[in-house]
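Dumped query_18.pdb below, it's PDB, C-alpha atoms:
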```pdb
MODEL        1
ATOM      1  CA  MET A   1      30.336 -22.141  16.945
ATOM      2  CA  THR A   2      29.733 -19.173  14.640
ATOM      3  CA  GLY A   3      31.022 -15.659  15.326
ATOM      4  CA  SER A   4      27.547 -14.504  16.334
ATOM      5  CA  ASP A   5      27.186 -17.464  18.729
ATOM      6  CA  LYS A   6      30.496 -16.590  20.372
ATOM      7  CA  THR A   7      29.360 -13.013  20.804
ATOM      8  CA  LYS A   8      26.077 -14.112  22.431
ATOM      9  CA  LYS A   9      27.932 -16.479  24.790
ATOM     10  CA  SER A  10      30.447 -13.833  25.864
ATOM     11  CA  LEU A  11      27.853 -11.086  26.348
ATOM     12  CA  SER A  12      26.859 -10.707  29.980
ATOM     13  CA  ILE A  13      23.094 -11.075  30.399
ATOM     14  CA  THR A  14      23.037  -8.287  32.957
ATOM     15  CA  GLU A  15      24.777  -5.982  30.466
ATOM     16  CA  SER A  16      22.693  -6.912  27.430
ATOM     17  CA  SER A  17      20.362  -4.385  25.867
ATOM     18  CA  SER A  18      16.970  -3.683  27.430
ATOM     19  CA  ASN A  19      13.829  -5.160  25.916
ATOM     20  CA  PHE A  20      12.560  -1.580  25.723
ATOM     21  CA  ASP A  21      13.862   1.453  23.832
ATOM     22  CA  ASN A  22      13.140   5.165  23.570
ATOM     23  CA  LEU A  23      12.381   5.292  27.276
ATOM     24  CA  GLU A  24      12.516   9.082  27.302
ATOM     25  CA  PHE A  25       9.461   9.214  25.051
ATOM     26  CA  MET A  26       7.282   7.010  27.296
ATOM     27  CA  SER A  27       4.657   8.532  29.573
ATOM     28  CA  VAL A  28       4.992   8.145  33.335
ATOM     29  CA  ASN A  29       2.304   5.475  33.265
ATOM     30  CA  GLU A  30       4.077   3.564  30.488
ATOM     31  CA  LEU A  31       7.380   3.683  32.361
ATOM     32  CA  LEU A  32       5.842   2.466  35.620
ATOM     33  CA  THR A  33       3.808  -0.237  33.880
ATOM     34  CA  ASN A  34       6.769  -1.555  31.920
ATOM     35  CA  ILE A  35       9.088  -1.584  34.941
ATOM     36  CA  ASN A  36       6.426  -3.505  36.853
ATOM     37  CA  ARG A  37       6.002  -5.896  33.933
ATOM     38  CA  GLU A  38       9.713  -6.635  33.988
ATOM     39  CA  ASP A  39       9.678  -7.146  37.763
ATOM     40  CA  THR A  40       6.999  -9.841  37.570
ATOM     41  CA  GLY A  41       9.538 -12.276  36.157
ATOM     42  CA  VAL A  42      11.898 -11.998  39.131
ATOM     43  CA  PRO A  43      10.079 -14.379  41.536
ATOM     44  CA  ILE A  44       9.802 -16.932  38.739
ATOM     45  CA  ALA A  45      13.568 -16.791  38.193
ATOM     46  CA  VAL A  46      14.176 -17.111  41.943
ATOM     47  CA  LYS A  47      11.871 -20.138  42.109
ATOM     48  CA  ALA A  48      13.982 -21.869  39.472
ATOM     49  CA  ALA A  49      17.034 -21.409  41.711
ATOM     50  CA  ILE A  50      15.460 -22.960  44.843
ATOM     51  CA  PRO A  51      17.333 -26.300  44.467
ATOM     52  CA  GLN A  52      20.616 -24.360  44.455
ATOM     53  CA  ILE A  53      19.544 -22.272  47.459
ATOM     54  CA  GLU A  54      18.440 -25.406  49.318
ATOM     55  CA  ARG A  55      21.844 -27.076  48.978
ATOM     56  CA  LEU A  56      23.544 -23.917  50.165
ATOM     57  CA  VAL A  57      21.291 -23.458  53.206
ATOM     58  CA  GLU A  58      21.790 -27.050  54.302
ATOM     59  CA  GLY A  59      25.547 -26.541  54.172
ATOM     60  CA  ILE A  60      25.321 -23.276  56.112
ATOM     61  CA  VAL A  61      23.130 -24.749  58.864
ATOM     62  CA  THR A  62      25.541 -27.633  59.415
ATOM     63  CA  ARG A  63      28.435 -25.224  59.860
ATOM     64  CA  MET A  64      26.580 -22.683  61.965
ATOM     65  CA  MET A  65      25.604 -25.426  64.398
ATOM     66  CA  LYS A  66      29.354 -25.767  64.970
ATOM     67  CA  GLY A  67      29.740 -22.043  65.636
ATOM     68  CA  GLY A  68      30.176 -20.836  62.071
ATOM     69  CA  ARG A  69      29.260 -17.473  60.600
ATOM     70  CA  ILE A  70      28.072 -16.107  57.256
ATOM     71  CA  PHE A  71      30.148 -13.506  55.424
ATOM     72  CA  TYR A  72      28.744 -11.568  52.472
ATOM     73  CA  LEU A  73      31.107  -9.985  49.958
ATOM     74  CA  GLY A  74      29.852  -7.404  47.486
ATOM     75  CA  ALA A  75      30.357  -4.061  45.778
ATOM     76  CA  GLY A  76      27.884  -1.315  44.942
ATOM     77  CA  THR A  77      24.248  -2.379  45.085
ATOM     78  CA  SER A  78      25.199  -6.003  45.760
ATOM     79  CA  GLY A  79      27.414  -5.030  48.669
ATOM     80  CA  ARG A  80      24.752  -2.754  50.146
ATOM     81  CA  LEU A  81      22.186  -5.549  49.974
ATOM     82  CA  GLY A  82      24.543  -7.891  51.832
ATOM     83  CA  VAL A  83      25.172  -5.329  54.564
ATOM     84  CA  LEU A  84      21.431  -4.655  54.790
ATOM     85  CA  ASP A  85      20.576  -8.318  55.246
ATOM     86  CA  ALA A  86      23.343  -8.807  57.805
ATOM     87  CA  SER A  87      22.229  -5.770  59.804
ATOM     88  CA  GLU A  88      18.628  -6.977  59.998
ATOM     89  CA  VAL A  89      19.377 -10.463  61.325
ATOM     90  CA  PRO A  90      20.246  -9.487  64.947
ATOM     91  CA  PRO A  91      17.086  -7.447  65.718
ATOM     92  CA  THR A  92      14.833  -9.928  63.933
ATOM     93  CA  PHE A  93      16.203 -13.137  65.440
ATOM     94  CA  GLY A  94      17.969 -11.940  68.594
ATOM     95  CA  VAL A  95      21.429 -13.164  67.618
ATOM     96  CA  SER A  96      24.846 -11.563  67.878
ATOM     97  CA  GLY A  97      25.818  -8.959  65.296
ATOM     98  CA  ASN A  98      28.876 -11.095  64.558
ATOM     99  CA  LEU A  99      26.888 -14.054  63.227
ATOM    100  CA  VAL A 100      26.139 -12.630  59.768
ATOM    101  CA  ILE A 101      28.619 -10.043  58.508
ATOM    102  CA  GLY A 102      28.375  -7.956  55.347
ATOM    103  CA  LEU A 103      31.571  -6.639  53.755
ATOM    104  CA  ILE A 104      31.389  -4.061  50.972
ATOM    105  CA  ALA A 105      34.204  -2.928  48.702
ATOM    106  CA  GLY A 106      35.263   0.503  49.903
ATOM    107  CA  GLY A 107      34.048  -0.002  53.464
ATOM    108  CA  GLU A 108      31.310   1.953  55.231
ATOM    109  CA  THR A 109      31.792   4.996  53.001
ATOM    110  CA  ALA A 110      30.608   2.898  50.056
ATOM    111  CA  LEU A 111      27.237   2.359  51.725
ATOM    112  CA  ARG A 112      26.287   5.940  50.878
ATOM    113  CA  LYS A 113      28.370   6.878  47.870
ATOM    114  CA  SER A 114      30.565   5.282  45.264
ATOM    115  CA  VAL A 115      34.177   4.545  46.161
ATOM    116  CA  GLU A 116      36.034   4.540  42.869
ATOM    117  CA  ALA A 117      37.901   1.366  41.878
ATOM    118  CA  ALA A 118      37.401  -0.285  45.306
ATOM    119  CA  GLU A 119      35.804  -3.298  43.663
ATOM    120  CA  ASP A 120      38.788  -3.850  41.371
ATOM    121  CA  ASP A 121      41.153  -5.098  44.111
ATOM    122  CA  PRO A 122      41.062  -8.934  44.142
ATOM    123  CA  GLU A 123      43.130  -9.176  47.342
ATOM    124  CA  LYS A 124      41.213  -6.799  49.628
ATOM    125  CA  ALA A 125      38.246  -9.023  50.567
ATOM    126  CA  TRP A 126      40.446 -11.854  51.832
ATOM    127  CA  GLN A 127      42.535  -9.394  53.848
ATOM    128  CA  GLU A 128      39.330  -8.181  55.513
ATOM    129  CA  LEU A 129      38.166 -11.741  56.164
ATOM    130  CA  GLU A 130      41.488 -12.639  57.783
ATOM    131  CA  ILE A 131      41.142  -9.698  60.173
ATOM    132  CA  LEU A 132      37.810 -11.229  61.256
ATOM    133  CA  ASN A 133      39.502 -14.601  61.917
ATOM    134  CA  ILE A 134      37.555 -16.520  59.300
ATOM    135  CA  ASN A 135      37.717 -20.307  59.749
ATOM    136  CA  GLU A 136      36.524 -23.594  58.245
ATOM    137  CA  ASN A 137      33.124 -23.425  59.985
ATOM    138  CA  ASP A 138      32.260 -20.170  58.251
ATOM    139  CA  THR A 139      30.539 -19.542  54.911
ATOM    140  CA  VAL A 140      31.490 -16.895  52.343
ATOM    141  CA  ILE A 141      28.798 -15.752  49.911
ATOM    142  CA  GLY A 142      29.841 -13.487  47.066
ATOM    143  CA  ILE A 143      27.104 -11.223  45.754
ATOM    144  CA  ALA A 144      27.612  -9.810  42.262
ATOM    145  CA  ALA A 145      24.958  -9.448  39.590
ATOM    146  CA  SER A 146      27.484  -9.708  36.766
ATOM    147  CA  GLY A 147      29.628 -12.321  38.505
ATOM    148  CA  THR A 148      32.762 -10.467  37.401
ATOM    149  CA  THR A 149      33.647  -8.230  40.397
ATOM    150  CA  PRO A 150      37.363  -8.783  41.282
ATOM    151  CA  TYR A 151      36.883  -7.894  44.986
ATOM    152  CA  VAL A 152      34.241 -10.608  45.305
ATOM    153  CA  ILE A 153      35.880 -13.234  43.108
ATOM    154  CA  GLY A 154      39.230 -12.851  44.869
ATOM    155  CA  GLY A 155      37.706 -13.265  48.329
ATOM    156  CA  VAL A 156      35.592 -16.262  47.335
ATOM    157  CA  ARG A 157      38.443 -17.976  45.517
ATOM    158  CA  LYS A 158      40.839 -17.624  48.456
ATOM    159  CA  ALA A 159      38.187 -18.809  50.931
ATOM    160  CA  ARG A 160      37.575 -21.924  48.861
ATOM    161  CA  GLU A 161      41.315 -22.643  48.755
ATOM    162  CA  LYS A 162      41.248 -22.574  52.565
ATOM    163  CA  GLY A 163      38.462 -25.180  52.736
ATOM    164  CA  ILE A 164      35.709 -22.720  53.625
ATOM    165  CA  LEU A 165      32.202 -23.201  52.200
ATOM    166  CA  THR A 166      31.763 -20.725  49.348
ATOM    167  CA  ALA A 167      28.719 -19.602  47.395
ATOM    168  CA  CYS A 168      27.534 -16.763  45.225
ATOM    169  CA  ILE A 169      24.362 -14.959  44.234
ATOM    170  CA  SER A 170      24.633 -13.854  40.632
ATOM    171  CA  CYS A 171      22.443 -13.267  37.606
ATOM    172  CA  ASN A 172      24.868 -14.520  34.957
ATOM    173  CA  PRO A 173      25.460 -18.247  34.388
ATOM    174  CA  GLU A 174      29.009 -19.411  33.702
ATOM    175  CA  SER A 175      30.504 -16.266  35.215
ATOM    176  CA  PRO A 176      33.984 -16.228  36.819
ATOM    177  CA  LEU A 177      32.329 -15.913  40.240
ATOM    178  CA  ALA A 178      30.061 -18.912  39.640
ATOM    179  CA  GLU A 179      33.104 -20.954  38.631
ATOM    180  CA  ALA A 180      35.066 -19.817  41.696
ATOM    181  CA  CYS A 181      32.603 -21.080  44.321
ATOM    182  CA  GLU A 182      31.160 -24.430  45.402
ATOM    183  CA  TYR A 183      27.504 -23.426  45.585
ATOM    184  CA  PRO A 184      26.547 -20.974  42.844
ATOM    185  CA  VAL A 185      23.030 -19.550  43.069
ATOM    186  CA  ILE A 186      22.226 -18.165  39.639
ATOM    187  CA  VAL A 187      19.006 -16.197  39.162
ATOM    188  CA  VAL A 188      18.648 -15.333  35.490
ATOM    189  CA  VAL A 189      16.346 -12.318  35.353
ATOM    190  CA  GLY A 190      17.365 -11.148  31.890
ATOM    191  CA  PRO A 191      18.332  -7.665  30.719
ATOM    192  CA  GLU A 192      17.425  -4.661  32.850
ATOM    193  CA  PHE A 193      14.748  -2.091  31.942
ATOM    194  CA  VAL A 194      17.524   0.499  31.798
ATOM    195  CA  THR A 195      20.394  -1.376  30.167
ATOM    196  CA  GLY A 196      22.969  -2.479  32.736
ATOM    197  CA  SER A 197      21.180  -0.970  35.759
ATOM    198  CA  THR A 198      21.441  -4.019  37.992
ATOM    199  CA  ARG A 199      19.931  -2.214  40.992
ATOM    200  CA  LEU A 200      16.621  -3.096  39.303
ATOM    201  CA  LYS A 201      15.692  -6.739  38.591
ATOM    202  CA  ALA A 202      19.047  -8.195  39.581
ATOM    203  CA  GLY A 203      19.028  -6.281  42.870
ATOM    204  CA  THR A 204      15.477  -7.395  43.580
ATOM    205  CA  ALA A 205      16.422 -11.019  42.897
ATOM    206  CA  GLN A 206      19.443 -10.810  45.182
ATOM    207  CA  LYS A 207      17.341  -9.328  47.993
ATOM    208  CA  LEU A 208      14.780 -12.136  47.674
ATOM    209  CA  VAL A 209      17.487 -14.800  47.808
ATOM    210  CA  LEU A 210      19.163 -13.181  50.813
ATOM    211  CA  ASN A 211      15.793 -13.098  52.592
ATOM    212  CA  MET A 212      15.343 -16.790  51.886
ATOM    213  CA  ILE A 213      18.809 -17.794  53.049
ATOM    214  CA  THR A 214      18.948 -16.041  56.408
ATOM    215  CA  THR A 215      15.287 -16.588  57.275
ATOM    216  CA  THR A 216      15.506 -20.316  56.588
ATOM    217  CA  VAL A 217      18.829 -20.642  58.392
ATOM    218  CA  MET A 218      17.525 -18.849  61.478
ATOM    219  CA  ILE A 219      14.367 -20.983  61.559
ATOM    220  CA  LYS A 220      16.441 -24.163  61.363
ATOM    221  CA  LEU A 221      18.643 -22.842  64.174
ATOM    222  CA  GLY A 222      15.568 -22.514  66.405
ATOM    223  CA  ARG A 223      15.202 -18.739  66.356
ATOM    224  CA  VAL A 224      11.496 -18.880  65.388
ATOM    225  CA  LYS A 225       8.603 -20.626  67.167
ATOM    226  CA  GLY A 226       5.502 -21.392  65.137
ATOM    227  CA  ASN A 227       5.568 -18.366  62.867
ATOM    228  CA  LYS A 228       6.699 -15.856  65.502
ATOM    229  CA  MET A 229       9.956 -13.943  65.981
ATOM    230  CA  VAL A 230      10.211 -14.997  69.607
ATOM    231  CA  ASN A 231      13.849 -13.906  69.874
ATOM    232  CA  MET A 232      13.488 -10.434  68.361
ATOM    233  CA  GLN A 233      15.183  -7.541  70.128
ATOM    234  CA  LEU A 234      12.810  -5.174  71.953
ATOM    235  CA  THR A 235      14.283  -2.018  70.456
ATOM    236  CA  ASN A 236      11.140   0.112  70.080
ATOM    237  CA  LYS A 237       7.507   0.436  71.154
ATOM    238  CA  LYS A 238       6.198  -1.416  68.105
ATOM    239  CA  LEU A 239       8.300  -4.486  68.862
ATOM    240  CA  ILE A 240       7.408  -4.413  72.559
ATOM    241  CA  GLU A 241       3.742  -4.333  71.584
ATOM    242  CA  ARG A 242       4.244  -7.174  69.114
ATOM    243  CA  GLY A 243       6.009  -9.253  71.764
ATOM    244  CA  THR A 244       3.249  -8.535  74.264
ATOM    245  CA  ARG A 245       0.621  -9.787  71.790
ATOM    246  CA  MET A 246       2.627 -12.958  71.209
ATOM    247  CA  ILE A 247       2.677 -13.729  74.930
ATOM    248  CA  VAL A 248      -1.036 -12.955  75.318
ATOM    249  CA  ASP A 249      -1.851 -15.276  72.411
ATOM    250  CA  GLU A 250       0.424 -18.034  73.672
ATOM    251  CA  LEU A 251      -0.418 -17.962  77.381
ATOM    252  CA  ASN A 252      -3.924 -16.452  77.370
ATOM    253  CA  ILE A 253      -3.042 -13.985  80.128
ATOM    254  CA  GLN A 254      -3.870 -10.306  80.582
ATOM    255  CA  ARG A 255      -2.039  -7.808  78.401
ATOM    256  CA  ASP A 256      -0.493  -5.886  81.294
ATOM    257  CA  ALA A 257       0.848  -9.079  82.827
ATOM    258  CA  ALA A 258       2.241 -10.154  79.472
ATOM    259  CA  ARG A 259       4.006  -6.823  78.978
ATOM    260  CA  ILE A 260       5.599  -6.963  82.432
ATOM    261  CA  LEU A 261       6.726 -10.529  81.826
ATOM    262  CA  LEU A 262       8.242  -9.544  78.476
ATOM    263  CA  LEU A 263      10.145  -6.554  79.810
ATOM    264  CA  GLN A 264      11.446  -8.519  82.787
ATOM    265  CA  HIS A 265      12.944 -11.251  80.606
ATOM    266  CA  GLY A 266      13.910  -9.348  77.454
ATOM    267  CA  SER A 267      12.431 -11.659  74.818
ATOM    268  CA  VAL A 268       9.262 -13.569  74.093
ATOM    269  CA  LYS A 269      11.104 -16.881  74.234
ATOM    270  CA  LYS A 270      12.638 -16.250  77.660
ATOM    271  CA  ALA A 271       9.340 -14.908  79.025
ATOM    272  CA  LEU A 272       7.462 -18.020  77.874
ATOM    273  CA  GLU A 273      10.119 -20.332  79.266
ATOM    274  CA  PHE A 274      10.039 -18.597  82.649
ATOM    275  CA  TYR A 275       6.242 -18.622  82.873
ATOM    276  CA  ARG A 276       5.989 -22.303  81.963
ATOM    277  CA  GLU A 277       8.750 -23.230  84.378
ATOM    278  CA  GLN A 278       6.839 -21.457  87.151
ATOM    279  CA  LEU A 279       3.710 -23.424  86.260
ATOM    280  CA  ARG A 280       5.624 -26.713  86.364
ATOM    281  CA  ASN A 281       7.095 -25.861  89.738
ATOM    282  CA  LYS A 282       3.677 -25.084  91.138
ATOM    283  CA  GLY A 283       2.289 -28.307  89.756
TER
ENDMDL
END
```
Go through the file and emit its structure as structure tokens.
Amino acid sequence: MTGSDKTKKSLSITESSSNFDNLEFMSVNELLTNINREDTGVPIAVKAAIPQIERLVEGIVTRMMKGGRIFYLGAGTSGRLGVLDASEVPPTFGVSGNLVIGLIAGGETALRKSVEAAEDDPEKAWQELEILNINENDTVIGIAASGTTPYVIGGVRKAREKGILTACISCNPESPLAEACEYPVIVVVGPEFVTGSTRLKAGTAQKLVLNMITTTVMIKLGRVKGNKMVNMQLTNKKLIERGTRMIVDELNIQRDAARILLLQHGSVKKALEFYREQLRNKG
């Protein structure tokens, strides 16, 4: 291997130089167009990783059927995306807030502003997981665009030593994080429009993969019927109206009756089950 080949191999893709230069001289239209052009490659890169995502989801479903949970570990943008995905699972699928848990280096403060050097502690993530009584039915997914974050690598490595299913979502192949886990999901999106700004394409790729993982897992766990969120939490008027429409469509009853049924039982699924049970009893 030549010196230049070694340099290319050691250079992180997410840190490599942008395909564009002199950004400050571009017009607003040129900037927007070129960012959009770069973004179009993200779904293609995610598609290439579907076999990796599939293996991971199958492993997660098996464990969650035994009472397992998903833990996300991340720092910065990656950590915020994990917390975001975890926070959206309960209202969407009507499950406990303890089923999918996002941990971010630096804690809740880091959700809004940078916490200096928090990501550099390789012991902290495992300490946090132990507090949450992590066990062999759980899954730990490290999220790091570069695949080099010590907080994430340390937590994933220790979890794997303990026999826990481990995975990662990264945008660099052959990274330390990918090597540390059982199920690496690597989405190679290439260099960022602004060199090293992984909140762009890498962040978009991570969000897409997180969407795919939790949505597929929840469907396989029976939290969706047909294509409807029948277990969603009724936390606002929009969701109550959506649930009412679902019941009207499913049972072909009047809207007012559907709304009353929904509010009495707290979810579309429970309302449908009650209504159909009443019909069976009458029959």
Nearest to A:Thr198 among A:Ala145, A:Ala125, A:Ile213, A:Ala86, with distances taken over all atoms listed in the file: which residue is it?
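Going through A:Ala145, A:Ala125, A:Ile213, A:Ala86 one by one, the smallest distance to A:Thr198 is for A:Ala145.
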Per residue of stretch 154-199 of chain A within 12 Å of stretch 20-39 of chain A, record the nearest atom pair and its distance in Å to one decimal, counting all atoms listed in the file, with rows in chain order and ascending residue number, as CSV.
```
residue,atom,partner,partner_atom,distance
A:Val189,CA,A:Asp39,CA,8.8
A:Gly190,CA,A:Glu38,CA,9.1
A:Pro191,CA,A:Glu38,CA,9.3
A:Glu192,CA,A:Glu38,CA,8.0
A:Phe193,CA,A:Ile35,CA,6.4
A:Val194,CA,A:Phe20,CA,8.1
A:Thr195,CA,A:Phe20,CA,9.0
A:Arg199,CA,A:Asp39,CA,11.8
```
For the file shown, report as a ChimeraX atom specification the outcome of the PyMOL selection byres ((chain A and resi 127) around 12) at residue level.
/A:103,105,121-126,128-134,151-152,154-156,158-159
A:Gly226, A:Val187, A:Asn211, A:Gln206 ranked by distance to A:Val46, top pick (using only C-alpha atoms)
A:Val187
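Minimum atom-to-atom distance to A:Glu88, evaluated using only C-alpha atoms, belongs to A:Met232 out of A:Met232, A:Leu251, A:Ala167, A:Leu261.
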Each side padded by 6 Å, which centre and which edge lengths in Å (one decimal) define the axis-aligned box around the listed atoms of stretch 69-87 of chain A? Give them as AutoDock Vina command-line options.
```
--center_x 25.8 --center_y -9.4 --center_z 52.8 --size_x 22.5 --size_y 28.2 --size_z 27.7
```
Name the residues that the PyMOL selection byres ((chain A and resi 90) around 12) picks from the file above, as a count of residues only, using the file's chain letters and numbers.
27
